[in-house]
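Participant: Structure file protein-v9.txt, compact mmCIF, C-alpha atoms and all ligand atoms, is pasted below:
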```txt
# COMPACT_ATOMS: atom_id res chain seq x y z
CA MET T 1143 80.34 25.22 -32.87
CA ASP T 1144 78.19 25.17 -35.91
CA GLY T 1145 76.44 22.16 -37.26
CA HIS T 1146 77.86 19.59 -34.83
CA GLY T 1147 80.66 18.84 -37.27
CA GLU T 1148 78.62 18.09 -40.41
CA ARG T 1149 79.27 20.26 -43.44
CA MET T 1150 76.61 22.91 -43.90
CA THR T 1151 76.26 25.68 -46.41
CA THR T 1152 76.57 29.19 -45.06
CA ALA T 1153 72.82 29.67 -45.46
CA GLN T 1154 72.18 26.51 -43.44
CA ARG T 1155 74.61 27.66 -40.75
CA TYR T 1156 72.73 30.93 -40.29
CA ARG T 1157 69.33 29.23 -40.25
CA ALA T 1158 70.61 26.67 -37.74
CA PHE T 1159 72.04 29.46 -35.58
CA ALA T 1160 68.66 31.21 -35.62
CA ALA T 1161 66.79 28.06 -34.61
CA ARG T 1162 69.22 26.44 -32.19
CA GLU T 1163 71.09 29.29 -30.56
CA ALA T 1164 69.37 32.64 -30.93
CA ARG T 1165 65.71 31.57 -30.57
CA GLY T 1166 64.53 32.29 -27.05
CA HIS T 1167 67.69 34.27 -26.23
CA SER T 1168 68.05 37.00 -28.82
CA PRO T 1169 65.05 37.91 -31.00
CA ARG T 1170 67.27 40.37 -32.87
CA TYR T 1171 69.96 37.85 -33.76
CA GLU T 1172 67.32 35.29 -34.63
CA ALA T 1173 65.77 37.72 -37.13
CA LEU T 1174 69.15 38.85 -38.48
CA ALA T 1175 70.42 35.27 -38.91
CA LEU T 1176 67.27 34.27 -40.80
CA ALA T 1177 67.65 37.34 -42.99
CA VAL T 1178 71.33 36.62 -43.72
CA GLY T 1179 70.48 32.97 -44.46
CA ALA T 1180 68.04 34.13 -47.14
CA ASP T 1181 70.13 36.92 -48.69
CA LYS T 1182 72.23 35.79 -51.69
CA ARG T 1183 74.26 39.00 -51.74
CA VAL T 1184 75.44 38.74 -48.13
CA LEU T 1185 75.91 34.96 -48.36
CA ALA T 1186 78.21 35.44 -51.36
CA LEU T 1187 80.29 37.95 -49.37
CA LEU T 1188 80.56 35.59 -46.41
CA ASP T 1189 81.65 32.78 -48.70
CA GLU T 1190 84.68 34.86 -49.69
CA LEU T 1191 86.00 34.27 -46.14
CA PRO T 1192 87.68 31.08 -44.88
CA GLU T 1193 85.05 28.69 -43.58
CA GLN T 1194 85.82 29.19 -39.88
CA LYS T 1195 85.39 32.95 -40.33
CA ARG T 1196 81.81 32.74 -41.61
CA GLN T 1197 80.25 32.06 -38.22
CA PRO T 1198 77.16 34.07 -37.23
CA ASN T 1199 78.61 35.06 -33.85
CA LEU T 1200 81.71 36.49 -35.51
CA LEU T 1201 79.70 38.43 -38.13
CA PHE T 1202 77.33 39.89 -35.55
CA ALA T 1203 80.08 40.76 -33.08
CA ALA T 1204 82.14 42.47 -35.79
CA ALA T 1205 79.03 44.34 -36.92
CA GLN T 1206 78.27 45.53 -33.37
CA TYR T 1207 81.94 46.49 -32.92
CA LEU T 1208 81.71 48.71 -36.01
CA GLY T 1209 78.40 50.26 -34.95
CA ALA T 1210 76.04 48.46 -37.33
CA PRO T 1211 72.27 48.80 -36.95
CA VAL T 1212 71.29 45.44 -35.45
CA GLY T 1213 67.54 46.08 -35.34
CA VAL T 1214 65.73 46.00 -38.69
CA PRO T 1215 67.05 43.08 -40.83
CA ALA T 1216 66.84 44.98 -44.15
CA ASP T 1217 68.93 47.84 -42.71
CA PHE T 1218 71.45 45.34 -41.37
CA LEU T 1219 71.82 43.58 -44.75
CA ASP T 1220 72.36 46.91 -46.52
CA TRP T 1221 74.92 47.93 -43.92
CA VAL T 1222 76.83 44.64 -44.36
CA ALA T 1223 76.99 45.10 -48.14
CA ARG T 1224 78.09 48.75 -47.80
CA SER T 1225 80.61 48.11 -45.03
CA TRP T 1226 82.08 44.84 -46.26
CA SER T 1227 85.67 46.05 -46.40
CA PRO T 1228 86.02 47.09 -42.70
CA LEU T 1229 83.64 44.33 -41.64
CA SER T 1230 85.56 41.52 -43.32
CA THR T 1231 88.86 42.95 -42.03
CA THR T 1232 87.51 42.88 -38.47
CA MET T 1233 86.21 39.33 -38.94
CA MET T 1234 89.63 38.20 -40.17
CA GLN T 1235 91.47 39.94 -37.31
CA ARG T 1236 89.19 38.99 -34.42
CA ARG T 1237 87.92 35.73 -32.92
CA THR T 1238 84.92 34.70 -30.89
CA GLN T 1239 86.36 34.67 -27.39
CA THR T 1240 83.58 35.76 -25.12
CA ASN T 1241 84.79 36.13 -21.54
CA GLU T 1242 82.06 35.45 -19.00
CA PRO T 1243 83.11 36.19 -15.39
CA ALA T 1244 79.78 34.80 -14.10
CA ARG T 1245 81.16 31.30 -14.75
CA CYS T 1246 83.08 31.81 -11.49
CA ALA T 1247 79.79 31.23 -9.63
CA THR T 1248 79.74 27.62 -10.84
CA LEU T 1249 83.46 27.09 -10.26
CA LEU T 1250 83.33 28.43 -6.69
CA PRO T 1251 81.76 25.35 -4.98
CA VAL T 1252 84.72 23.29 -6.24
CA LEU T 1253 87.44 25.91 -5.76
CA THR T 1254 86.53 26.54 -2.11
CA ARG T 1255 86.78 22.84 -1.19
CA LEU T 1256 90.38 22.54 -2.33
CA PRO T 1257 93.30 23.13 0.08
CA GLN T 1258 93.88 26.88 0.27
CA PRO T 1259 95.59 29.06 -0.84
CA LEU T 1260 95.18 28.56 -4.58
CA ALA T 1261 97.41 29.24 -7.57
CA LEU T 1262 94.96 29.60 -10.47
CA LEU T 1263 95.95 28.86 -14.05
CA GLU T 1264 93.20 29.32 -16.62
CA VAL T 1265 93.58 27.68 -20.01
CA GLY T 1266 91.80 29.62 -22.78
CA ALA T 1267 91.52 32.65 -20.53
CA SER T 1268 90.51 35.26 -23.15
CA ALA T 1269 91.04 38.49 -21.12
CA GLY T 1270 91.37 36.57 -17.85
CA LEU T 1271 88.15 37.77 -16.20
CA CYS T 1272 87.47 34.33 -14.68
CA LEU T 1273 90.77 34.58 -12.79
CA TYR T 1274 89.19 36.76 -10.07
CA PRO T 1275 86.76 34.41 -8.27
CA ASP T 1276 87.90 35.92 -4.98
CA ALA T 1277 86.95 39.44 -6.06
CA PHE T 1278 83.27 38.90 -6.90
CA ARG T 1279 80.09 38.75 -4.78
CA TYR T 1280 77.88 35.64 -5.03
CA ARG T 1281 74.34 34.67 -4.09
CA TYR T 1282 73.21 31.05 -4.39
CA GLY T 1283 69.64 29.81 -4.73
CA ASP T 1284 67.06 31.37 -2.42
CA ASP T 1285 69.62 32.58 0.09
CA PRO T 1286 69.21 36.37 0.16
CA HIS T 1287 72.79 36.85 1.39
CA PHE T 1288 75.77 37.52 -0.79
CA LEU T 1289 79.24 36.24 0.00
CA GLY T 1290 82.46 37.82 -1.13
CA PRO T 1291 83.93 41.31 -0.78
CA ALA T 1292 81.16 43.79 0.05
CA SER T 1293 82.63 46.49 -2.18
CA SER T 1294 82.79 44.30 -5.30
CA PRO T 1295 80.98 45.78 -8.31
CA VAL T 1296 80.43 42.24 -9.71
CA ARG T 1297 77.38 40.54 -8.19
CA LEU T 1298 76.59 37.05 -9.41
CA THR T 1299 73.36 35.16 -8.78
CA CYS T 1300 73.38 31.42 -9.32
CA ALA T 1301 70.35 29.09 -9.15
CA VAL T 1302 71.05 25.76 -7.45
CA SER T 1303 69.59 22.27 -7.55
CA GLY T 1304 70.79 19.07 -5.94
CA HIS T 1305 73.14 19.06 -2.95
CA VAL T 1306 75.44 21.83 -4.07
CA PRO T 1307 78.13 22.44 -1.41
CA ILE T 1308 77.37 26.13 -1.22
CA PRO T 1309 80.49 28.10 -0.34
CA THR T 1310 80.57 30.23 2.77
CA ALA T 1311 83.57 32.30 1.70
CA VAL T 1312 85.53 33.07 -1.43
CA PRO T 1313 88.81 31.19 -2.02
CA THR T 1314 92.22 32.59 -1.16
CA VAL T 1315 94.13 33.20 -4.38
CA THR T 1316 97.85 33.95 -4.16
CA TRP T 1317 98.78 33.56 -7.84
CA ARG T 1318 96.81 33.80 -11.07
CA ALA T 1319 97.81 33.32 -14.68
CA GLY T 1320 96.15 32.58 -17.99
CA LEU T 1321 97.10 30.95 -21.27
CA ASP T 1322 95.43 31.79 -24.57
CA VAL T 1323 96.27 31.61 -28.28
CA ASN T 1324 95.12 35.21 -28.44
CA PRO T 1325 95.04 36.87 -25.02
CA LEU T 1326 92.96 40.03 -24.82
CA ARG T 1327 94.08 42.91 -22.62
CA VAL T 1328 91.79 44.46 -20.06
CA ASP T 1329 93.78 47.69 -20.34
CA ASP T 1330 93.28 47.90 -24.12
CA ASP T 1331 90.08 49.81 -24.92
CA ASP T 1332 89.68 48.13 -28.32
CA ASP T 1333 89.94 44.67 -26.77
CA VAL T 1334 87.32 45.60 -24.17
CA ARG T 1335 85.08 47.00 -26.93
CA TRP T 1336 85.47 43.67 -28.73
CA LEU T 1337 84.47 41.73 -25.61
CA ASP T 1338 81.46 44.01 -25.31
CA ALA T 1339 80.55 43.46 -28.99
CA LEU T 1340 80.58 39.69 -28.46
CA ILE T 1341 77.64 40.03 -26.06
CA TRP T 1342 74.24 39.67 -27.68
CA PRO T 1343 72.19 42.88 -28.01
CA GLU T 1344 69.49 42.05 -25.45
CA GLN T 1345 71.94 40.96 -22.73
CA ARG T 1346 72.29 44.23 -20.86
CA GLN T 1347 73.18 42.58 -17.54
CA ARG T 1348 76.07 40.68 -19.10
CA ARG T 1349 77.35 43.91 -20.58
CA GLU T 1350 77.25 45.65 -17.19
CA ARG T 1351 78.95 42.65 -15.59
CA LEU T 1352 81.71 42.72 -18.19
CA GLN T 1353 82.45 46.39 -17.47
CA ALA T 1354 82.44 45.76 -13.70
CA ALA T 1355 84.80 42.78 -14.03
CA VAL T 1356 87.10 44.77 -16.32
CA GLN T 1357 87.25 47.47 -13.63
CA ILE T 1358 88.45 44.84 -11.10
CA ALA T 1359 90.96 43.31 -13.51
CA ARG T 1360 92.37 46.70 -14.52
CA ALA T 1361 93.34 47.35 -10.89
CA ASP T 1362 95.52 44.22 -10.95
CA PRO T 1363 95.89 43.00 -14.57
CA PRO T 1364 96.29 39.24 -14.96
CA HIS T 1365 99.49 37.57 -16.10
CA LEU T 1366 98.39 36.26 -19.51
CA VAL T 1367 100.67 34.23 -21.75
CA LYS T 1368 100.14 33.79 -25.47
CA GLY T 1369 100.38 30.11 -26.22
CA ASN T 1370 98.72 26.86 -27.07
CA LEU T 1371 96.93 24.70 -24.55
CA LEU T 1372 98.90 21.60 -25.56
CA THR T 1373 102.43 22.86 -25.92
CA ASP T 1374 102.66 25.79 -23.52
CA LEU T 1375 100.75 24.67 -20.44
CA PRO T 1376 103.53 22.80 -18.58
CA ALA T 1377 105.93 25.78 -18.74
CA LEU T 1378 103.34 28.17 -17.33
CA ALA T 1379 102.26 25.67 -14.66
CA ALA T 1380 105.92 25.40 -13.61
CA GLN T 1381 105.84 29.14 -12.73
CA ALA T 1382 103.15 28.63 -10.07
CA PRO T 1383 104.40 28.93 -6.49
CA GLY T 1384 104.95 25.63 -4.73
CA ASP T 1385 103.24 26.72 -1.52
CA ALA T 1386 99.77 27.03 -3.07
CA THR T 1387 97.44 24.43 -4.59
CA LEU T 1388 97.80 24.65 -8.35
CA VAL T 1389 94.38 24.61 -10.02
CA VAL T 1390 94.37 24.36 -13.82
CA PHE T 1391 90.89 25.18 -15.10
CA HIS T 1392 89.06 25.94 -18.32
CA SER T 1393 85.55 26.77 -19.42
CA ALA T 1394 84.07 27.00 -22.92
CA VAL T 1395 87.46 26.29 -24.51
CA LEU T 1396 87.83 22.69 -25.66
CA SER T 1397 84.99 22.89 -28.21
CA TYR T 1398 87.43 25.06 -30.21
CA VAL T 1399 89.90 22.19 -30.67
CA SER T 1400 89.62 18.75 -32.26
CA PRO T 1401 88.71 15.61 -30.30
CA ASP T 1402 92.31 14.38 -30.69
CA THR T 1403 93.65 17.61 -29.21
CA ARG T 1404 91.19 17.32 -26.32
CA SER T 1405 92.51 13.84 -25.49
CA ALA T 1406 96.11 14.98 -25.75
CA PHE T 1407 95.28 17.95 -23.50
CA MET T 1408 93.84 15.63 -20.88
CA ASP T 1409 97.11 13.67 -20.89
CA VAL T 1410 99.10 16.88 -20.45
CA VAL T 1411 96.95 18.24 -17.63
CA ARG T 1412 96.91 14.92 -15.77
CA ARG T 1413 100.71 14.92 -15.63
CA LEU T 1414 100.73 18.27 -13.76
CA ARG T 1415 100.68 18.57 -10.00
CA GLY T 1416 97.60 20.00 -8.30
CA HIS T 1417 94.01 19.82 -9.48
CA TRP T 1418 92.16 20.15 -12.77
CA ILE T 1419 88.69 21.69 -13.16
CA SER T 1420 86.90 21.45 -16.50
CA ASN T 1421 83.66 23.25 -17.32
CA GLU T 1422 82.81 22.40 -20.91
CA GLY T 1423 79.75 21.63 -23.00
CA VAL T 1424 78.19 18.26 -22.26
CA GLY T 1425 79.82 15.78 -24.66
CA VAL T 1426 82.97 17.84 -25.29
CA LEU T 1427 85.00 15.53 -23.05
CA PRO T 1428 83.24 12.15 -23.49
CA GLU T 1429 85.54 10.46 -20.99
CA VAL T 1430 84.54 12.92 -18.27
CA GLY T 1431 80.84 12.47 -19.03
CA ALA T 1432 81.05 8.65 -19.20
CA GLY T 1433 78.47 7.08 -16.90
CA ILE T 1434 76.52 10.34 -16.48
CA ALA T 1435 72.97 10.49 -17.80
CA THR T 1436 73.71 13.47 -20.02
CA ASP T 1437 70.27 13.22 -21.68
CA SER T 1438 68.88 14.87 -18.57
CA ALA T 1439 71.26 17.81 -18.99
CA GLY T 1440 68.94 19.68 -21.33
CA PRO T 1441 70.19 21.87 -24.16
CA ALA T 1442 73.38 23.90 -24.04
CA ARG T 1443 74.50 22.89 -20.56
CA PHE T 1444 78.05 22.41 -19.39
CA LEU T 1445 79.50 19.58 -17.36
CA LEU T 1446 81.70 20.62 -14.42
CA ALA T 1447 84.35 18.13 -13.34
CA LEU T 1448 87.16 17.94 -10.81
CA ASP T 1449 90.18 15.85 -11.83
CA GLY T 1450 88.12 14.17 -14.56
CA GLU T 1451 85.19 13.27 -12.25
CA ALA T 1452 81.92 14.96 -13.19
CA VAL T 1453 80.36 16.85 -10.27
CA ALA T 1454 77.63 19.08 -11.73
CA PHE T 1455 75.74 20.34 -14.74
CA THR T 1456 76.13 24.10 -15.06
CA GLY T 1457 74.53 26.91 -16.99
CA PRO T 1458 76.87 28.00 -19.80
CA HIS T 1459 76.93 31.54 -18.46
CA GLY T 1460 77.26 30.56 -14.80
CA GLN T 1461 73.59 31.16 -14.11
CA GLU T 1462 72.87 27.77 -12.50
CA ILE T 1463 74.43 24.68 -11.03
CA GLU T 1464 72.89 21.24 -10.58
CA TRP T 1465 74.97 18.97 -8.37
CA LEU T 1466 75.07 15.38 -9.56
CA ALA T 1467 73.55 12.85 -7.18
CA LEU T 1468 76.42 10.37 -7.64
CA CYS T 1469 79.03 12.82 -6.48
CA GLY T 1470 78.67 13.71 -2.81
CA SER T 1471 82.13 15.17 -2.45
CA ALA T 1472 84.35 17.35 -4.54
CA GLY T 1473 87.10 17.85 -2.01
C1 LIG R 1 84.86 31.28 -25.44
S1 LIG R 1 86.41 31.82 -24.86
C2 LIG R 1 86.23 31.40 -23.13
C3 LIG R 1 87.01 32.33 -22.25
C4 LIG R 1 86.95 32.01 -20.76
N1 LIG R 1 87.46 30.68 -20.50
C5 LIG R 1 85.58 32.15 -20.18
O1 LIG R 1 85.00 31.14 -19.75
O2 LIG R 1 85.04 33.26 -20.14
C6 LIG R 1 87.54 30.54 -25.43
C7 LIG R 1 88.99 30.97 -25.39
O3 LIG R 1 89.80 29.82 -25.68
C8 LIG R 1 90.91 30.27 -26.45
N2 LIG R 1 91.48 29.13 -27.18
C9 LIG R 1 90.91 28.43 -28.19
N3 LIG R 1 91.75 27.46 -28.62
C10 LIG R 1 92.88 27.55 -27.86
C11 LIG R 1 94.10 26.83 -27.82
N4 LIG R 1 94.34 25.84 -28.69
N5 LIG R 1 95.04 27.17 -26.91
C12 LIG R 1 94.80 28.20 -26.05
N6 LIG R 1 93.65 28.92 -26.04
C13 LIG R 1 92.70 28.61 -26.93
C14 LIG R 1 90.29 31.33 -27.35
O4 LIG R 1 91.28 32.20 -27.89
C15 LIG R 1 89.34 32.03 -26.41
O5 LIG R 1 89.93 33.14 -25.78
```
Kindly transcribe the structure held in the file into structure tokens.
Ligand SMILES: C[S@@+](CC[C@H](N)C(=O)[O-])C[C@H]1O[C@@H](n2cnc3c(N)ncnc32)[C@H](O)[C@@H]1O
Facilitator:
Amino acid sequence: MDGHGERMTTAQRYRAFAAREARGHSPRYEALALAVGADKRVLALLDELPEQKRQPNLLFAAAQYLGAPVGVPADFLDWVARSWSPLSTTMMQRRTQTNEPARCATLLPVLTRLPQPLALLEVGASAGLCLYPDAFRYRYGDDPHFLGPASSPVRLTCAVSGHVPIPTAVPTVTWRAGLDVNPLRVDDDDDVRWLDALIWPEQRQRRERLQAAVQIARADPPHLVKGNLLTDLPALAAQAPGDATLVVFHSAVLSYVSPDTRSAFMDVVRRLRGHWISNEGVGVLPEVGAGIATDSAGPARFLLALDGEAVAFTGPHGQEIEWLALCGSAG
């Protein structure tokens, strides 16, 4: 989300992106965003698009998708001006819907403590790569051992702090389905190229992980339904088998909808049977974070909760989990 809700000019959005999001994570995007924020020609082009389509992540992903040079800022600006027609078409057609399978490492300590087997339903699933927590390998903290299927090409390492109930095995999943306004298909090469383009240039490991997770998902593609998280969730949940624990979960999704929609979603999900796991930016679900000292969360962290009770702070890309002292049990 840009600008925490306040109205910013496009130049301000790009400068804020450089300072708040790219700095320390992507020197290239930091430099490109500063250059865009200072270039009247490119800013005028961006301002031709609807406001929600001017976001830096969308511009940079579309540029990578089309093979833009994302190194020298001056070359990038020239490329944008020259390639505006295909670039703006891609920005209008595509959305930022990064799919990060490593988030499964932070979901696993909660998933494994629920009654098995599980019927997983992911809301805002993108291509559904987080629907395979049973197919990945995991290593927590200093423990040198991995858990999970030995042959898995996806290996996730997660730093731990606090009394994280570290899993000893992966969960048993007998049903998996996803809901998304715009599901992406793991068996569509263009969709996979788009997912790859959404990853920032320096993040080679994430790119390799994406390809490995796609390989797993292609062997058994997920059941993904196109629909809205408010109106279409109950019908999909009703398809889950009755002999498994239904787990409705979501990560990095609710920041895309308004606070009113988030509240309405909580009402919908609470009326379903089974359990609900949320993994969203700190502050996205104020009710879930109530009573938690979120100041200590640090920047850009997520809050993991089971059935509306916060259990941990998590790294937004699944890289770490800090169990909250107040919550001794998630089961
Ligand atoms: C950043 S992606 C996260 C994907 C996945 N949950 C993960 O953690 O890797 C957010 C996804 O939420 C979907 N989304 C946004 N608003 C939605 C809505 N109202 N109903 C259903 N899906 C939505 C987007 O299309 C996108 O695929």
Participant: Which is closest to Val1315 in chain T among T:Asp1276, T:Glu1462, T:Asp1189, T:Glu1451, if we use only C-alpha atoms?
Facilitator: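 Of T:Asp1276, T:Glu1462, T:Asp1189, T:Glu1451, the one nearest Val1315 in chain T is T:Asp1276, counting only C-alpha atoms.
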Participant: So how many Å separate CA of Leu1378 in chain T and CA of Gly1460 in chain T, to one decimal?
Facilitator: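 Result for CA of Leu1378 in chain T versus CA of Gly1460 in chain T: 26.3 Å, one decimal.
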Participant: List as a PyMOL selection string the protein and nucleic acid residues lying within 6 Å of ligand LIG 1 (chain R), with only C-alpha atoms and all ligand atoms counted.
Facilitator: chain T and resi 1239-1243+1266-1268+1321-1324+1369-1371+1392-1395+1398-1399
Participant: Taking 3 positions as the minimum chain separation for residues in the same chain, which residues sit within 10 Å of Ala1205 in chain T when counting all atoms listed in the file? Answer as an MDAnalysis selection string.
Facilitator: chainID T and resid 1199:1202 1208:1212 1218 1221:1222 1225:1226 1228:1230 1232:1233 1339:1340
Participant: Those same residues - C-alpha atoms - I'd like them written as a CSV table (one decimal), in the frame of the given file.
Facilitator:
```
chain,number,residue,atom,x,y,z
T,1199,ASN,CA,78.6,35.1,-33.8
T,1200,LEU,CA,81.7,36.5,-35.5
T,1201,LEU,CA,79.7,38.4,-38.1
T,1202,PHE,CA,77.3,39.9,-35.6
T,1208,LEU,CA,81.7,48.7,-36.0
T,1209,GLY,CA,78.4,50.3,-35.0
T,1210,ALA,CA,76.0,48.5,-37.3
T,1211,PRO,CA,72.3,48.8,-37.0
T,1212,VAL,CA,71.3,45.4,-35.4
T,1218,PHE,CA,71.4,45.3,-41.4
T,1221,TRP,CA,74.9,47.9,-43.9
T,1222,VAL,CA,76.8,44.6,-44.4
T,1225,SER,CA,80.6,48.1,-45.0
T,1226,TRP,CA,82.1,44.8,-46.3
T,1228,PRO,CA,86.0,47.1,-42.7
T,1229,LEU,CA,83.6,44.3,-41.6
T,1230,SER,CA,85.6,41.5,-43.3
T,1232,THR,CA,87.5,42.9,-38.5
T,1233,MET,CA,86.2,39.3,-38.9
T,1339,ALA,CA,80.6,43.5,-29.0
T,1340,LEU,CA,80.6,39.7,-28.5
```
Participant: Quick one: which range 1229-1340 of chain T residues come within 9 Å of range 1413-1428 of chain T, and what is the nearest atom pair for each with the distance in Å to one decimal, counting all atoms listed in the file, rows ordered by chain and ascending number, as CSV?
Facilitator:
```
residue,atom,partner,partner_atom,distance
T:Arg1245,CA,T:Asn1421,CA,8.8
T:Thr1248,CA,T:Asn1421,CA,8.7
T:Leu1249,CA,T:Asn1421,CA,8.0
T:Val1252,CA,T:Ile1419,CA,8.1
T:Leu1253,CA,T:Ile1419,CA,8.6
T:Leu1256,CA,T:His1417,CA,8.5
```
Participant: Of the residues T:Trp1317, T:Trp1465, T:Phe1407, T:Tyr1282, which is the one nearest to Ala1301 in chain T, using all atoms listed in the file?
Facilitator: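 Among T:Trp1317, T:Trp1465, T:Phe1407, T:Tyr1282, it is T:Tyr1282 that comes nearest to Ala1301 in chain T.
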Participant: Given the choices T:Arg1327, T:Lys1368, T:His1287, T:Arg1443, which gets closest to Gly1270 in chain T if the distance is worked out from all atoms listed in the file?
Facilitator: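 Among the listed residues, the smallest separation from Gly1270 in chain T belongs to T:Arg1327.
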Participant: Just the number, please: distance in Å from CA of Gly1450 in chain T to CA of Arg1162 in chain T, one decimal.
Facilitator: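 According to the coordinates, CA of Gly1450 in chain T and CA of Arg1162 in chain T are separated by 28.6 Å.
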Participant: Under the rule that only C-alpha atoms are counted, which of T:Arg1318, T:Arg1237, T:Arg1412, T:Lys1182 is the nearest residue to Thr1387 in chain T?
Facilitator: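 The shortest atom-to-atom distance to Thr1387 in chain T comes from T:Arg1318.
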Participant: Residues at most 10 Å from Ala1467 in chain T, counting only C-alpha atoms, excluding those fewer than 4 positions away in the same chain, as a PyMOL selection string?
Facilitator: chain T and resi 1304-1306+1453-1454
Participant: What is the CA of Val1265 in chain T-CA of Phe1391 in chain T distance in Å, reported with one decimal?
Facilitator: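 Going from CA of Val1265 in chain T over to CA of Phe1391 in chain T covers 6.1 Å.
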Participant: Kindly indicate which residue among T:Gly1431, T:Gly1320, T:Pro1215, T:Pro1343 lies nearest to Ser1168 in chain T, using all atoms listed in the file for the distances.
Facilitator: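 Counting all atoms listed in the file, the residue closest to Ser1168 in chain T is T:Pro1343.
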Participant: I'd like to know which of T:Ala1292, T:Ala1158, T:Val1328, T:Val1334 is closest to Pro1364 in chain T, using only C-alpha atoms.
Facilitator: T:Val1328
Participant: Counting only C-alpha atoms, what is within 12 Å of Glu1193 in chain T, bar same-chain residues fewer than 4 positions away, as a ChimeraX atom specification?
Facilitator: /T:1144,1149-1152,1155,1187-1189,1197-1198,1200,1233-1234
Participant: Taking C-alpha atoms for each residue, export the selection above as a PDB file, in the coordinates of the input.
Facilitator:
```pdb
ATOM      1  CA  ASP T1144      78.190  25.170 -35.910  1.00  0.00           C
ATOM      2  CA  ARG T1149      79.270  20.260 -43.440  1.00  0.00           C
ATOM      3  CA  MET T1150      76.610  22.910 -43.900  1.00  0.00           C
ATOM      4  CA  THR T1151      76.260  25.680 -46.410  1.00  0.00           C
ATOM      5  CA  THR T1152      76.570  29.190 -45.060  1.00  0.00           C
ATOM      6  CA  ARG T1155      74.610  27.660 -40.750  1.00  0.00           C
ATOM      7  CA  LEU T1187      80.290  37.950 -49.370  1.00  0.00           C
ATOM      8  CA  LEU T1188      80.560  35.590 -46.410  1.00  0.00           C
ATOM      9  CA  ASP T1189      81.650  32.780 -48.700  1.00  0.00           C
ATOM     10  CA  GLN T1197      80.250  32.060 -38.220  1.00  0.00           C
ATOM     11  CA  PRO T1198      77.160  34.070 -37.230  1.00  0.00           C
ATOM     12  CA  LEU T1200      81.710  36.490 -35.510  1.00  0.00           C
ATOM     13  CA  MET T1233      86.210  39.330 -38.940  1.00  0.00           C
ATOM     14  CA  MET T1234      89.630  38.200 -40.170  1.00  0.00           C
TER      15      MET T1234
END
```
Participant: For Pro1383 in chain T, list every protein, DNA or RNA residue within 10 Å, evaluated using all atoms listed in the file, and leave out those in the same chain fewer than 4 positions away; present the list as a ChimeraX atom specification.
Facilitator: /T:1260-1261,1316-1317,1379,1387-1388
